[in-house]
Structures are given as C-alpha cells and as structure tokens.
$ cat start_21.txt   # compact mmCIF, C-alpha atoms
# COMPACT_ATOMS: atom_id res chain seq x y z
CA MET A 1 -76.01 -19.48 13.02
CA THR A 2 -73.38 -20.27 10.42
CA ALA A 3 -75.86 -22.19 8.27
CA LEU A 4 -78.31 -19.30 8.43
CA VAL A 5 -75.61 -16.77 7.51
CA PHE A 6 -74.67 -18.84 4.47
CA ALA A 7 -78.34 -19.04 3.48
CA VAL A 8 -78.72 -15.27 3.86
CA LEU A 9 -75.58 -14.57 1.81
CA ALA A 10 -76.88 -16.91 -0.92
CA VAL A 11 -80.23 -15.10 -0.87
CA GLY A 12 -78.44 -11.75 -1.12
CA ALA A 13 -76.44 -12.91 -4.13
CA LEU A 14 -79.59 -14.30 -5.76
CA ALA A 15 -81.46 -11.02 -5.17
CA LEU A 16 -78.61 -9.05 -6.73
CA ILE A 17 -78.38 -11.32 -9.78
CA ALA A 18 -82.15 -11.63 -10.25
CA GLY A 19 -82.66 -7.90 -9.96
CA ALA A 20 -79.78 -7.02 -12.30
CA ASN A 21 -80.98 -9.45 -14.97
CA ALA A 22 -84.69 -8.55 -14.56
CA TRP A 23 -85.56 -12.11 -13.55
CA LEU A 24 -87.57 -10.52 -10.78
CA THR A 25 -89.26 -7.15 -10.59
CA PRO A 26 -87.35 -4.57 -8.52
CA LEU A 27 -89.99 -4.88 -5.78
CA ALA A 28 -89.70 -8.68 -5.66
CA ALA A 29 -85.88 -8.56 -5.74
CA LEU A 30 -85.87 -6.04 -2.89
CA HIS A 31 -88.14 -8.21 -0.76
CA LEU A 32 -86.02 -11.27 -1.56
CA GLY A 33 -83.03 -9.51 -0.03
CA VAL A 34 -84.90 -8.01 2.92
CA ALA A 35 -87.78 -10.36 3.82
CA ALA A 36 -85.88 -13.60 3.09
CA GLY A 37 -82.42 -12.29 3.98
CA VAL A 38 -82.00 -9.37 6.34
CA LEU A 39 -85.11 -10.02 8.47
CA PRO A 40 -84.24 -13.63 9.46
CA LEU A 41 -80.62 -12.58 10.00
CA ILE A 42 -81.67 -9.86 12.45
CA PHE A 43 -83.97 -12.33 14.22
CA ALA A 44 -81.00 -14.69 14.58
CA ALA A 45 -78.76 -11.88 15.84
CA MET A 46 -81.35 -10.99 18.49
CA LEU A 47 -81.54 -14.62 19.59
CA HIS A 48 -77.75 -14.60 19.86
CA PHE A 49 -77.24 -11.27 21.63
CA VAL A 50 -80.23 -11.04 24.00
CA PRO A 51 -79.03 -13.92 26.23
CA VAL A 52 -75.69 -12.09 26.48
CA LEU A 53 -77.33 -8.76 27.27
CA THR A 54 -79.62 -10.31 29.88
CA ARG A 55 -77.10 -12.83 31.26
CA THR A 56 -79.46 -15.76 30.65
CA GLY A 57 -79.12 -19.09 28.86
CA ALA A 58 -79.22 -19.78 25.15
CA PRO A 59 -82.65 -20.01 23.49
CA GLY A 60 -84.28 -23.42 23.14
CA ARG A 61 -84.06 -25.46 19.97
CA GLY A 62 -87.63 -24.62 18.99
CA LEU A 63 -87.04 -20.88 19.25
CA ALA A 64 -83.79 -21.25 17.31
CA MET A 65 -85.89 -22.32 14.31
CA LEU A 66 -87.71 -18.98 14.25
CA PRO A 67 -85.30 -17.29 11.77
CA TRP A 68 -85.69 -20.22 9.38
CA LEU A 69 -89.47 -19.96 9.60
CA ALA A 70 -89.23 -16.23 8.98
CA GLN A 71 -87.10 -16.90 5.91
CA ALA A 72 -89.64 -19.40 4.57
CA LEU A 73 -92.40 -16.81 4.97
CA GLY A 74 -90.14 -14.27 3.25
CA PHE A 75 -89.84 -16.57 0.25
CA GLY A 76 -93.63 -16.74 0.21
CA VAL A 77 -93.79 -12.94 0.08
CA VAL A 78 -91.40 -12.92 -2.89
CA ALA A 79 -93.45 -15.56 -4.69
CA ALA A 80 -96.63 -13.49 -4.24
CA LEU A 81 -94.93 -10.31 -5.46
CA ALA A 82 -93.34 -12.09 -8.44
CA GLY A 83 -96.61 -13.64 -9.58
CA GLY A 84 -95.71 -17.19 -8.60
CA ALA A 85 -98.41 -17.27 -5.91
CA PRO A 86 -101.75 -15.48 -5.40
CA ARG A 87 -101.39 -11.84 -4.43
CA TRP A 88 -103.84 -12.24 -1.54
CA LEU A 89 -101.27 -14.42 0.23
CA LEU A 90 -99.46 -11.20 1.19
CA HIS A 91 -102.16 -10.58 3.82
CA PRO A 92 -101.69 -13.77 5.89
CA LEU A 93 -97.93 -13.84 5.27
CA ALA A 94 -97.50 -10.33 6.68
CA LEU A 95 -99.62 -11.19 9.70
CA MET A 96 -97.71 -14.43 10.31
CA LEU A 97 -94.41 -12.56 10.19
CA ALA A 98 -95.85 -10.04 12.63
CA GLY A 99 -96.82 -12.96 14.87
CA LEU A 100 -93.23 -14.26 14.81
CA ALA A 101 -91.95 -10.80 15.71
CA LEU A 102 -94.45 -10.59 18.56
CA GLY A 103 -93.36 -13.98 19.87
CA LEU A 104 -89.72 -12.89 19.76
CA LEU A 105 -90.67 -9.70 21.58
CA VAL A 106 -92.45 -11.65 24.36
CA TRP A 107 -89.45 -13.98 24.74
CA MET A 108 -87.11 -11.01 24.91
CA ARG A 109 -89.20 -9.36 27.61
CA ARG A 110 -89.21 -12.56 29.68
CA ARG A 111 -85.42 -12.82 29.40
CA ALA A 112 -85.04 -9.21 30.59
CA ARG A 113 -87.23 -9.93 33.62
CA ALA A 114 -85.25 -13.08 34.42
CA CYS A 115 -81.97 -11.18 34.40
CA LEU A 116 -80.08 -10.98 37.68
CA GLY A 117 -79.73 -7.25 38.16
CA ALA A 118 -80.41 -4.73 35.42
CA PRO A 119 -80.05 -6.03 31.86
CA HIS A 120 -77.80 -4.22 29.40
CA PRO A 121 -79.72 -1.33 27.75
CA GLY A 122 -79.00 -2.72 24.28
CA TRP A 123 -81.93 -5.14 24.53
CA ARG A 124 -84.37 -2.22 24.65
CA TRP A 125 -83.26 -1.14 21.17
CA TYR A 126 -84.21 -4.59 19.91
CA ARG A 127 -87.60 -4.25 21.58
CA PHE A 128 -88.37 -0.99 19.77
CA ALA A 129 -87.03 -2.43 16.52
CA LEU A 130 -89.53 -5.29 16.75
CA VAL A 131 -92.36 -2.88 17.53
CA CYS A 132 -91.52 -0.98 14.33
CA LEU A 133 -91.49 -4.23 12.35
CA ILE A 134 -94.87 -5.31 13.73
CA LEU A 135 -96.42 -1.94 12.84
CA ALA A 136 -94.92 -2.12 9.34
CA LEU A 137 -96.30 -5.62 8.77
CA VAL A 138 -99.75 -4.87 10.16
CA ALA A 139 -100.00 -2.00 7.67
CA VAL A 140 -99.64 -4.39 4.69
CA PRO A 141 -103.20 -5.84 4.64
CA VAL A 142 -104.67 -2.34 4.97
CA LEU A 143 -102.63 -0.77 2.17
CA LEU A 144 -103.52 -3.68 -0.14
CA ALA A 145 -107.21 -3.65 0.74
CA VAL A 146 -107.80 0.12 0.75
CA PRO A 147 -106.31 1.70 -2.41
CA SER A 148 -106.76 5.25 -1.11
CA THR A 149 -104.24 4.55 1.68
CA TYR A 150 -101.70 2.81 -0.53
CA GLY A 151 -99.21 5.67 -0.98
CA ALA A 152 -99.18 6.77 2.66
CA LEU A 153 -99.08 3.28 4.18
CA ARG A 154 -96.48 2.04 1.70
CA SER A 155 -94.21 4.90 2.78
CA LEU A 156 -94.92 4.12 6.43
CA HIS A 157 -94.21 0.41 5.80
CA LEU A 158 -90.95 1.24 4.07
CA HIS A 159 -89.58 3.62 6.70
CA LEU A 160 -90.67 1.53 9.67
CA ASN A 161 -88.82 -1.42 8.12
CA THR A 162 -85.64 0.42 7.11
CA LEU A 163 -85.08 3.15 9.70
CA GLY A 164 -87.22 1.49 12.38
CA PHE A 165 -86.58 -2.26 12.35
CA VAL A 166 -83.19 -2.41 10.64
CA GLY A 167 -81.94 0.97 11.87
CA LEU A 168 -82.80 0.53 15.55
CA ALA A 169 -81.50 -3.05 15.60
CA ALA A 170 -78.24 -1.88 14.03
CA LEU A 171 -77.85 1.07 16.39
CA GLY A 172 -78.50 -1.20 19.35
CA THR A 173 -75.71 -3.53 18.23
CA LEU A 174 -72.99 -1.31 16.73
CA PRO A 175 -71.87 0.44 19.96
CA LEU A 176 -70.89 -3.01 21.27
CA LEU A 177 -69.91 -4.80 18.07
CA LEU A 178 -67.48 -2.24 16.63
CA PRO A 179 -65.26 -2.03 19.77
CA THR A 180 -65.35 -5.84 19.95
CA ALA A 181 -64.11 -5.98 16.35
CA LEU A 182 -61.16 -3.82 17.39
CA GLY A 183 -60.46 -5.94 20.46
CA LYS A 184 -61.17 -2.94 22.68
CA THR A 185 -63.88 -1.78 25.08
CA ASP A 186 -66.00 1.35 24.98
CA PRO A 187 -66.91 2.40 28.53
CA GLU A 188 -69.42 4.92 27.17
CA ALA A 189 -71.39 2.44 25.04
CA ALA A 190 -74.01 1.60 27.67
CA HIS A 191 -74.43 5.29 28.51
CA TRP A 192 -75.00 6.15 24.84
CA LEU A 193 -77.52 3.33 24.43
CA ARG A 194 -79.38 4.40 27.56
CA ARG A 195 -79.37 8.13 26.82
CA TYR A 196 -80.35 8.12 23.16
CA LEU A 197 -82.90 5.31 22.93
CA TRP A 198 -85.97 7.51 23.27
CA PRO A 199 -84.64 10.38 21.11
CA VAL A 200 -83.70 7.99 18.31
CA ALA A 201 -86.92 5.94 18.55
CA GLY A 202 -89.06 9.09 18.71
CA SER A 203 -87.30 10.80 15.81
CA THR A 204 -87.58 7.61 13.75
CA MET A 205 -91.34 7.58 14.29
CA MET A 206 -91.52 11.30 13.40
CA LEU A 207 -89.62 10.67 10.16
CA ALA A 208 -91.73 7.64 9.25
CA LEU A 209 -95.00 9.42 10.03
CA GLY A 210 -93.91 12.57 8.20
CA THR A 211 -93.07 10.71 5.00
CA ALA A 212 -96.39 8.84 5.26
CA LEU A 213 -98.37 12.08 5.59
CA ALA A 214 -96.58 13.78 2.69
CA PRO A 215 -98.65 12.13 -0.12
CA LEU A 216 -101.99 12.96 1.55
CA ASN A 217 -104.06 15.92 0.48
CA GLY A 218 -103.51 18.90 2.73
CA MET A 219 -100.38 17.34 4.23
CA THR A 220 -97.91 18.19 1.48
CA LEU A 221 -96.11 20.62 3.76
CA VAL A 222 -96.87 19.21 7.23
CA GLY A 223 -95.51 15.77 6.38
CA PRO A 224 -92.09 16.87 5.07
CA LEU A 225 -91.67 19.34 7.93
CA LEU A 226 -92.42 16.60 10.46
CA ALA A 227 -89.94 14.33 8.67
CA ALA A 228 -87.34 17.11 8.67
CA GLY A 229 -87.74 17.52 12.42
CA GLY A 230 -87.37 13.80 12.95
CA LEU A 231 -84.28 13.70 10.75
CA SER A 232 -82.58 16.54 12.61
CA LEU A 233 -83.17 14.77 15.93
CA LEU A 234 -82.00 11.44 14.52
CA ILE A 235 -78.74 12.59 12.96
CA TYR A 236 -77.32 14.16 16.13
CA PRO A 237 -76.89 11.01 18.28
CA VAL A 238 -75.64 9.00 15.29
CA LEU A 239 -73.02 11.64 14.48
CA ARG A 240 -72.10 11.78 18.13
CA LEU A 241 -71.46 8.04 18.13
CA LEU A 242 -69.28 8.29 15.01
CA LEU A 243 -67.27 11.18 16.43
CA ARG A 244 -66.72 9.35 19.70
CA TRP A 245 -65.36 6.33 17.83
CA TRP A 246 -63.09 8.69 15.88
CA ARG A 247 -61.72 10.32 19.05
CA GLN A 248 -61.46 7.14 21.10
CA PHE A 249 -59.96 4.76 18.56
CA GLY A 250 -58.51 7.02 15.86
CA TRP A 251 -59.25 6.89 12.15
CA ARG A 252 -56.14 4.81 11.39
CA VAL A 253 -57.21 2.02 13.75
CA LEU A 254 -60.77 2.12 12.42
CA TRP A 255 -59.60 2.03 8.80
CA GLN A 256 -57.03 -0.73 9.25
CA ASP A 257 -59.56 -3.24 10.63
CA GLY A 258 -61.82 -4.21 7.77
CA ALA A 259 -64.75 -5.22 9.98
CA ALA A 260 -64.70 -1.99 12.03
CA ALA A 261 -64.24 0.13 8.91
CA SER A 262 -67.20 -1.55 7.24
CA LEU A 263 -69.43 -1.04 10.29
CA GLY A 264 -68.39 2.60 10.66
CA LEU A 265 -68.92 3.38 6.98
CA ALA A 266 -72.32 1.65 7.14
CA LEU A 267 -73.35 4.10 9.85
CA LEU A 268 -72.04 6.99 7.77
CA GLY A 269 -74.01 5.69 4.79
CA CYS A 270 -77.14 5.48 6.95
CA ILE A 271 -76.87 9.21 7.72
CA GLY A 272 -76.55 10.09 4.04
CA LEU A 273 -79.52 7.93 3.13
CA GLN A 274 -81.62 9.54 5.84
CA VAL A 275 -80.98 12.87 4.13
CA ALA A 276 -81.91 11.31 0.78
CA GLY A 277 -85.15 10.05 2.33
CA LEU A 278 -85.97 13.55 3.47
CA LEU A 279 -85.38 14.85 -0.07
CA HIS A 280 -87.86 12.23 -1.24
CA GLY A 281 -90.37 13.62 1.26
CA PHE A 282 -90.04 16.99 -0.46
CA ALA A 283 -90.47 15.27 -3.88
CA LEU A 284 -86.85 15.99 -4.86
CA LEU A 285 -85.81 12.34 -5.23
CA ALA A 286 -87.68 9.29 -6.57
CA PRO A 287 -88.28 6.41 -4.12
CA ARG A 288 -86.74 3.56 -6.15
CA PRO A 289 -83.09 4.73 -6.16
CA ILE A 290 -83.30 5.55 -2.45
CA ILE A 291 -84.55 2.06 -1.60
CA PHE A 292 -81.77 0.34 -3.53
CA ALA A 293 -79.19 2.84 -2.26
CA PHE A 294 -80.24 1.89 1.27
CA GLY A 295 -79.38 -1.71 0.48
CA ALA A 296 -76.06 -0.84 -1.13
CA GLY A 297 -74.88 1.94 1.18
CA PHE A 298 -76.10 0.63 4.53
CA LEU A 299 -77.25 -2.99 4.55
CA LEU A 300 -74.32 -4.48 2.64
CA PRO A 301 -71.47 -2.87 4.63
CA LEU A 302 -73.42 -3.51 7.85
CA VAL A 303 -74.09 -7.21 7.18
CA LEU A 304 -70.67 -8.00 5.69
CA GLY A 305 -68.88 -6.08 8.44
CA ALA A 306 -70.82 -7.98 11.10
CA CYS A 307 -70.21 -11.31 9.33
CA SER A 308 -66.48 -10.59 9.12
CA GLN A 309 -66.38 -10.32 12.90
CA LEU A 310 -68.93 -12.95 13.94
CA LEU A 311 -68.50 -15.80 11.44
CA PRO A 312 -64.99 -16.74 12.66
CA VAL A 313 -66.32 -16.86 16.24
CA TRP A 314 -69.21 -19.10 15.23
CA ARG A 315 -66.93 -21.26 13.05
CA TYR A 316 -64.40 -21.78 15.86
CA PRO A 317 -66.30 -21.29 19.15
CA GLY A 318 -64.63 -21.22 22.53
CA ALA A 319 -61.25 -19.70 23.26
CA ALA A 320 -59.40 -17.66 20.66
CA SER A 321 -57.39 -19.82 18.26
CA PRO A 322 -55.01 -19.37 15.32
CA ALA A 323 -57.66 -20.85 13.01
CA ARG A 324 -60.20 -18.24 14.08
CA ALA A 325 -57.69 -15.43 13.64
CA ALA A 326 -56.71 -16.71 10.19
CA LEU A 327 -60.32 -16.91 8.99
CA ARG A 328 -61.04 -13.44 10.33
CA GLN A 329 -57.97 -12.06 8.59
CA ARG A 330 -59.25 -13.36 5.27
CA LEU A 331 -62.68 -11.84 5.79
CA VAL A 332 -61.56 -8.40 6.99
CA ALA A 333 -58.98 -8.01 4.23
CA PHE A 334 -60.16 -5.25 1.88
CA GLY A 335 -63.18 -4.69 4.16
CA ALA A 336 -62.72 -0.91 4.08
CA ILE A 337 -62.38 -0.92 0.28
CA ARG A 338 -65.52 -3.08 -0.03
CA ALA A 339 -67.47 -0.66 2.12
CA LEU A 340 -66.26 2.29 0.03
CA PHE A 341 -67.42 0.47 -3.10
CA PHE A 342 -70.85 0.10 -1.54
CA LEU A 343 -71.06 3.77 -0.54
CA VAL A 344 -70.03 4.91 -4.02
CA ALA A 345 -72.62 2.49 -5.45
CA ALA A 346 -75.32 4.08 -3.28
CA LEU A 347 -74.30 7.54 -4.52
CA ALA A 348 -74.32 6.27 -8.10
CA LEU A 349 -77.85 4.92 -7.63
CA LEU A 350 -79.06 8.27 -6.31
CA CYS A 351 -77.49 9.95 -9.37
CA GLY A 352 -79.07 7.50 -11.81
CA TYR A 353 -76.01 5.38 -12.71
CA GLU A 354 -77.47 1.95 -12.04
CA ARG A 355 -74.96 -0.07 -14.12
CA LEU A 356 -72.01 1.48 -12.32
CA ALA A 357 -73.70 0.79 -8.99
CA LEU A 358 -74.38 -2.86 -9.86
CA THR A 359 -70.77 -3.30 -10.96
CA LEU A 360 -69.41 -1.90 -7.70
CA VAL A 361 -71.84 -3.92 -5.59
CA GLY A 362 -71.01 -7.08 -7.54
CA LEU A 363 -67.26 -6.53 -7.09
CA GLY A 364 -67.54 -5.89 -3.36
CA PHE A 365 -69.99 -8.69 -2.62
CA GLY A 366 -68.16 -11.12 -4.89
CA GLN A 367 -64.81 -10.42 -3.19
CA PHE A 368 -66.33 -11.18 0.22
CA LEU A 369 -67.91 -14.43 -1.00
CA LEU A 370 -64.61 -15.51 -2.55
CA ALA A 371 -62.70 -14.73 0.65
CA LEU A 372 -65.30 -16.63 2.67
CA ALA A 373 -65.13 -19.66 0.38
CA LEU A 374 -61.32 -19.75 0.48
CA GLY A 375 -61.22 -19.25 4.22
CA TRP A 376 -63.93 -21.80 4.97
CA LEU A 377 -62.84 -24.61 2.68
CA ARG A 378 -59.06 -24.39 2.76
CA ARG A 379 -56.95 -25.47 5.68
CA LEU A 380 -55.86 -22.28 7.32
CA PRO A 381 -52.71 -21.93 9.41
CA GLY A 382 -53.46 -23.17 12.90
CA THR A 383 -56.53 -25.19 11.95
CA GLU A 384 -54.95 -28.41 13.13
CA LEU A 385 -54.13 -26.79 16.48
CA ALA A 386 -57.73 -25.62 16.84
CA ARG A 387 -58.98 -29.13 16.28

$ encode --input "start_21.txt" --output "structure tokens"
Amino acid sequence: MTALVFAVLAVGALALIAGANAWLTPLAALHLGVAAGVLPLIFAAMLHFVPVLTRTGAPGRGLAMLPWLAQALGFGVVAALAGGAPRWLLHPLALMLAGLALGLLVWMRRRARACLGAPHPGWRWYRFALVCLILALVAVPVLLAVPSTYGALRSLHLHLNTLGFVGLAALGTLPLLLPTALGKTDPEAAHWLRRYLWPVAGSTMMLALGTALAPLNGMTLVGPLLAAGGLSLLIYPVLRLLLRWWRQFGWRVLWQDGAAASLGLALLGCIGLQVAGLLHGFALLAPRPIIFAFGAGFLLPLVLGACSQLLPVWRYPGAASPARAALRQRLVAFGAIRALFFLVAALALLCGYERLALTLVGLGFGQFLLALALGWLRRLPGTELAR
C-alpha cells in the first residue's frame, strides 16, 4: 500500500507539472492524474477496507497486484491520448480496465457472502461505485466509434467517473474514516450509510443521465431538469452528513486535526462542484474549468487527507507507537490550510484564474510532499522504540 501511495503521489505531481507546462494536453494530464493515479488508489483502498467491512482475511498476493495493473493500463490510456500510442488502443484499454473492475466487484461480492453475520453497509457503496466505473468505461468504445454520440457519452463517462465512481467510493469511506482520524466513533455512521445508499446512487445516475441528455436535440431542457432533480436529491444527504459531524464533533475539533479538516472540506468542495456541474448542464459554465476544479477542490483534499491518516498506519503497522504519532503529526500539520488552498484554487479555476489556481495547488501539494519526505526519511522521536 505504501509503495502504491508513493507512486500515486508521484503521478499526481507529474500530472500537475505536465499540465501546467503544456507537456501534455489538458485531457492527457487529467487522465494521468485520474486513470493512473486516483483509480488504482481507490482499487487499493477497496482491497484494504472490504476485508475489514466483511470481517474476512486479507486479499491474496495476486489480487493485491490489481491496482498496479490498473495503473499500467492508465499509463497506456495517457499514451494514447498524448499521441505516443495509437488512438485505437483506447478501446481495448477501456475494456480491460472494465474487466479489472468487474473482477474486483465479483471478489467483493464473494467476501460479503462469506461474512459471518451481516457485513458493514459501507461495502455496498463500493459495489455501486464499481458499477458506475464499468458503465463509464464501456461507454468509451462507443463514443469513439460513433461520432454522433460523442458529446452525450463523453458527459456520461465524465459524471459516472467523478460523481459515480469517485464520489460513491468517497462517501462510502468518509463516514468511517473521518471519525477514525479524530480518534472517535460515530454510532450513526452505519445508519447513514444504510439509509442513504439508494437515494445517493439514484440521484447520481439522474445527474449523470441528465447531463448526458442535455447536448442531444430535443433534450436541451429535459436533460438539465433531470440533472437538477438529481442534484437536489444528492445534496441533502451529503449536507446532513456534514452537519452531523459539525454537531457531534464541533468545528474546533474538526479544524484542529488536519486530516479530518481536509476530509470535511473535500466533502464541502464536492457539493460546490456538483452545483457547478449543474450550471454546465444549463450551458452557464464551460466543462474544462469544472473538470480541473473537481481535481483541485475535491480529489486533492480527499486523497491527501486520507493519506495523512492512513500512511502512518501502513508505515508503522500494529499497535499505536510514538513513531506513528510523530509521522502523523507531520502530515496533518497545516492540513486545514492546504485544503483551503485547494478550495480557493477550485473557485479560481471556475472564475478563469488558472495561474492563481496552479500556484495554490502547487503550494498545497508541495507542502504535503515535503512533510512526507521529512517524516519518512528522518528519524522521528520514538522511532527507535517502535523498532
């Protein structure tokens, strides 16, 4: 897990640098960050959390290689988009990635059936997230082969990946991960996950379908209205989760822990970007700034917040130790400020200030990488005791 996280962080830095310096097209840079970064990281997180949620053993060594295989296929996608490989390779690459997602889905289902008693409802969010990813990937060969469907299927592909795959996976994890970051428990987490799975999954499909229908002739009003209905149904449970965290833990506690603050602000950024996506459906915002704002205002605080909490555990497994606490302290320091930088960067992108956004993203991401390097390589207080 730690090796994969380092690889994903390196890919994220490369995507940021390559996109900012125009070494890659915006589309290729985006897929470098998502297909070769976020997607394998979410696969790895599912392999890590599903055994916990189903009270079963760790995945086998062969299955543990699945995120690395997904990352290799993601690099192939980037090469095809950047012109370094034939464009037709996108067809088999998308289908192979869909096959990996299907295999992970089958494994997940088997683990849920093998669980003694009822599995934790969080695994069902992962199941729907993978279904969204498979649908998004299956759409790729069609949109490339049939030009008349390109606009609608590209929008469907985009929203099923962002709000569907990434969004559902995040919402299935955050109710458990954020309280864990605070060292507390949330007795209502399982209830929230059980109660709002179908409303969130259904509203996500409504929003994705509505934005896909919007470009079609005769659907210029039906599509945005369907998306607006999906958005209204989606925002309510997410806001309810945020408000419950606020009431249960208090804003001071949330703000003072950099990992929890980053995760909470990522969820807040997700709500804002959902509204921006709806404005795009009504042709009030261009797609490019929304896509990059999604990366800045949601993916970065989400991934870095999760890494701040999980990397120390993976670095020093077993019982809590001073070394683990010291590494975590380095990573969570300035976590809330980093997340604010990312949210302001997303707003700047939506307003057309790309240079300001890149500066803020570079500062936030660079600070985390520096803290990680110092914490990982230097001898931290208590390291000798941990060994």

$ atom_distance --input "start_21.txt" --atom1 "atom CA of Arg154 of chain A" --atom2 "atom CA of Val140 of chain A"
7.8 Å

$ residues_around --input "start_21.txt" --residues "segment 369-377 of chain A" --least-positions-apart "6" --cutoff "6 Å" --atoms "only C-alpha atoms" --output "PyMOL selection string"
chain A and resi 327+330-331

$ residues_around --input "start_21.txt" --residues "Ala70 of chain A" --least-positions-apart "2" --cutoff "9 Å" --atoms "only C-alpha atoms" --output "list in words"
Ala35, Ala36, Leu39, Pro40, Phe43, Met65, Leu66, Pro67, Trp68, Ala72, Leu73, Gly74, Phe75, Met96, Leu97 and Leu100 of chain A

$ closest_atom_pairs --input "start_21.txt" --of "segment 174-288 of chain A" --to "segment 341-347 of chain A" --cutoff "9 Å" --atoms "all atoms listed in the file" --output "JSON lines"
{"residue": "A:Leu265", "atom": "CA", "partner": "A:Leu343", "partner_atom": "CA", "distance": 7.8}
{"residue": "A:Ala266", "atom": "CA", "partner": "A:Leu343", "partner_atom": "CA", "distance": 8.1}
{"residue": "A:Leu268", "atom": "CA", "partner": "A:Leu343", "partner_atom": "CA", "distance": 9.0}
{"residue": "A:Gly269", "atom": "CA", "partner": "A:Leu343", "partner_atom": "CA", "distance": 6.4}
{"residue": "A:Leu273", "atom": "CA", "partner": "A:Ala346", "partner_atom": "CA", "distance": 8.6}

$ atom_distance --input "start_21.txt" --atom1 "atom CA of Ile290 of chain A" --atom2 "atom CA of Val138 of chain A"
23.2 Å

$ residues_around --input "start_21.txt" --residues "Pro301 of chain A" --least-positions-apart "4" --cutoff "12 Å" --atoms "only C-alpha atoms" --output "JSON, numbers by chain"
{"A": [170, 258, 259, 260, 261, 262, 263, 264, 265, 266, 267, 268, 269, 270, 293, 294, 295, 296, 297, 305, 306, 307, 308, 332, 334, 335, 336, 337, 338, 339, 340, 341, 342, 343, 344, 345, 346, 361, 364, 365, 368]}

$ closest_atom_pairs --input "start_21.txt" --of "segment 17-71 of chain A" --to "segment 165-169 of chain A" --cutoff "12 Å" --atoms "all atoms listed in the file" --output "JSON lines"
{"residue": "A:Val34", "atom": "CA", "partner": "A:Val166", "partner_atom": "CA", "distance": 9.7}
{"residue": "A:Ala35", "atom": "CA", "partner": "A:Val166", "partner_atom": "CA", "distance": 11.4}
{"residue": "A:Gly37", "atom": "CA", "partner": "A:Val166", "partner_atom": "CA", "distance": 11.9}
{"residue": "A:Val38", "atom": "CA", "partner": "A:Val166", "partner_atom": "CA", "distance": 8.3}
{"residue": "A:Leu39", "atom": "CA", "partner": "A:Val166", "partner_atom": "CA", "distance": 8.1}
{"residue": "A:Pro40", "atom": "CA", "partner": "A:Val166", "partner_atom": "CA", "distance": 11.3}
{"residue": "A:Leu41", "atom": "CA", "partner": "A:Val166", "partner_atom": "CA", "distance": 10.5}
{"residue": "A:Ile42", "atom": "CA", "partner": "A:Ala169", "partner_atom": "CA", "distance": 7.5}
{"residue": "A:Phe43", "atom": "CA", "partner": "A:Ala169", "partner_atom": "CA", "distance": 9.7}
{"residue": "A:Ala44", "atom": "CA", "partner": "A:Ala169", "partner_atom": "CA", "distance": 11.7}
{"residue": "A:Ala45", "atom": "CA", "partner": "A:Ala169", "partner_atom": "CA", "distance": 9.2}
{"residue": "A:Met46", "atom": "CA", "partner": "A:Ala169", "partner_atom": "CA", "distance": 8.5}
{"residue": "A:Phe49", "atom": "CA", "partner": "A:Ala169", "partner_atom": "CA", "distance": 11.0}
{"residue": "A:Val50", "atom": "CA", "partner": "A:Ala169", "partner_atom": "CA", "distance": 11.7}

$ residues_around --input "start_21.txt" --residues "Leu156 of chain A" --least-positions-apart "6" --cutoff "9 Å" --atoms "only C-alpha atoms" --output "PDB file with C-alpha atoms, in the frame of the given file"
ATOM      1  CA  LEU A 135     -96.420  -1.940  12.840  1.00  0.00           C
ATOM      2  CA  ALA A 136     -94.920  -2.120   9.340  1.00  0.00           C
ATOM      3  CA  ALA A 139    -100.000  -2.000   7.670  1.00  0.00           C
ATOM      4  CA  ALA A 208     -91.730   7.640   9.250  1.00  0.00           C
ATOM      5  CA  LEU A 209     -95.000   9.420  10.030  1.00  0.00           C
ATOM      6  CA  GLY A 210     -93.910  12.570   8.200  1.00  0.00           C
ATOM      7  CA  THR A 211     -93.070  10.710   5.000  1.00  0.00           C
ATOM      8  CA  ALA A 212     -96.390   8.840   5.260  1.00  0.00           C
ATOM      9  CA  LEU A 213     -98.370  12.080   5.590  1.00  0.00           C
TER      10      LEU A 213
END

$ atom_distance --input "start_21.txt" --atom1 "atom CA of Ala98 of chain A" --atom2 "atom CA of Leu137 of chain A"
5.9 Å

$ residues_around --input "start_21.txt" --residues "Trp198 of chain A" --least-positions-apart "4" --cutoff "10 Å" --atoms "only C-alpha atoms" --output "mmCIF file with C-alpha atoms, keeping the file's coordinate frame"
data_model
loop_
_atom_site.group_PDB
_atom_site.id
_atom_site.type_symbol
_atom_site.label_atom_id
_atom_site.label_comp_id
_atom_site.auth_asym_id
_atom_site.auth_seq_id
_atom_site.Cartn_x
_atom_site.Cartn_y
_atom_site.Cartn_z
ATOM 1 C CA ARG A 124 -84.370 -2.220 24.650
ATOM 2 C CA TRP A 125 -83.260 -1.140 21.170
ATOM 3 C CA PHE A 128 -88.370 -0.990 19.770
ATOM 4 C CA LEU A 193 -77.520 3.330 24.430
ATOM 5 C CA ARG A 194 -79.380 4.400 27.560
ATOM 6 C CA GLY A 202 -89.060 9.090 18.710
ATOM 7 C CA SER A 203 -87.300 10.800 15.810
ATOM 8 C CA THR A 204 -87.580 7.610 13.750
#

$ closest_residue --input "start_21.txt" --among "A:Gly60, A:Gly83, A:Gly164, A:Pro199" --to "Ala28 of chain A" --atoms "all atoms listed in the file"
A:Gly83

$ decode --input "start_21.txt" --residues "segment 195-224 of chain A" --atoms "C-alpha atoms" --output "short mmCIF file (atom, residue, chain, number, x, y, z; two decimals), in the first residue's frame"
data_model
loop_
_atom_site.label_atom_id
_atom_site.label_comp_id
_atom_site.auth_asym_id
_atom_site.auth_seq_id
_atom_site.Cartn_x
_atom_site.Cartn_y
_atom_site.Cartn_z
CA ARG A 195 -30.30 4.83 4.74
CA TYR A 196 -28.82 6.99 2.00
CA LEU A 197 -27.21 4.47 -0.34
CA TRP A 198 -30.12 4.22 -2.75
CA PRO A 199 -31.01 7.95 -2.69
CA VAL A 200 -27.39 8.93 -3.38
CA ALA A 201 -26.84 6.24 -6.04
CA GLY A 202 -30.15 7.06 -7.74
CA SER A 203 -29.59 10.81 -7.70
CA THR A 204 -26.07 10.31 -9.06
CA MET A 205 -27.48 8.34 -12.00
CA MET A 206 -30.14 11.04 -12.55
CA LEU A 207 -27.47 13.75 -12.62
CA ALA A 208 -25.20 11.76 -14.95
CA LEU A 209 -28.05 10.88 -17.31
CA GLY A 210 -29.39 14.44 -17.28
CA THR A 211 -26.06 15.96 -18.25
CA ALA A 212 -25.69 13.32 -20.98
CA LEU A 213 -29.11 14.14 -22.45
CA ALA A 214 -28.53 17.90 -22.40
CA PRO A 215 -26.46 18.06 -25.65
CA LEU A 216 -28.98 15.98 -27.62
CA ASN A 217 -31.53 17.58 -29.90
CA GLY A 218 -34.89 17.94 -28.21
CA MET A 219 -33.37 17.29 -24.78
CA THR A 220 -31.96 20.75 -24.09
CA LEU A 221 -34.49 21.29 -21.32
CA VAL A 222 -35.26 17.72 -20.20
CA GLY A 223 -31.62 16.90 -19.53
CA PRO A 224 -30.81 19.87 -17.28
#
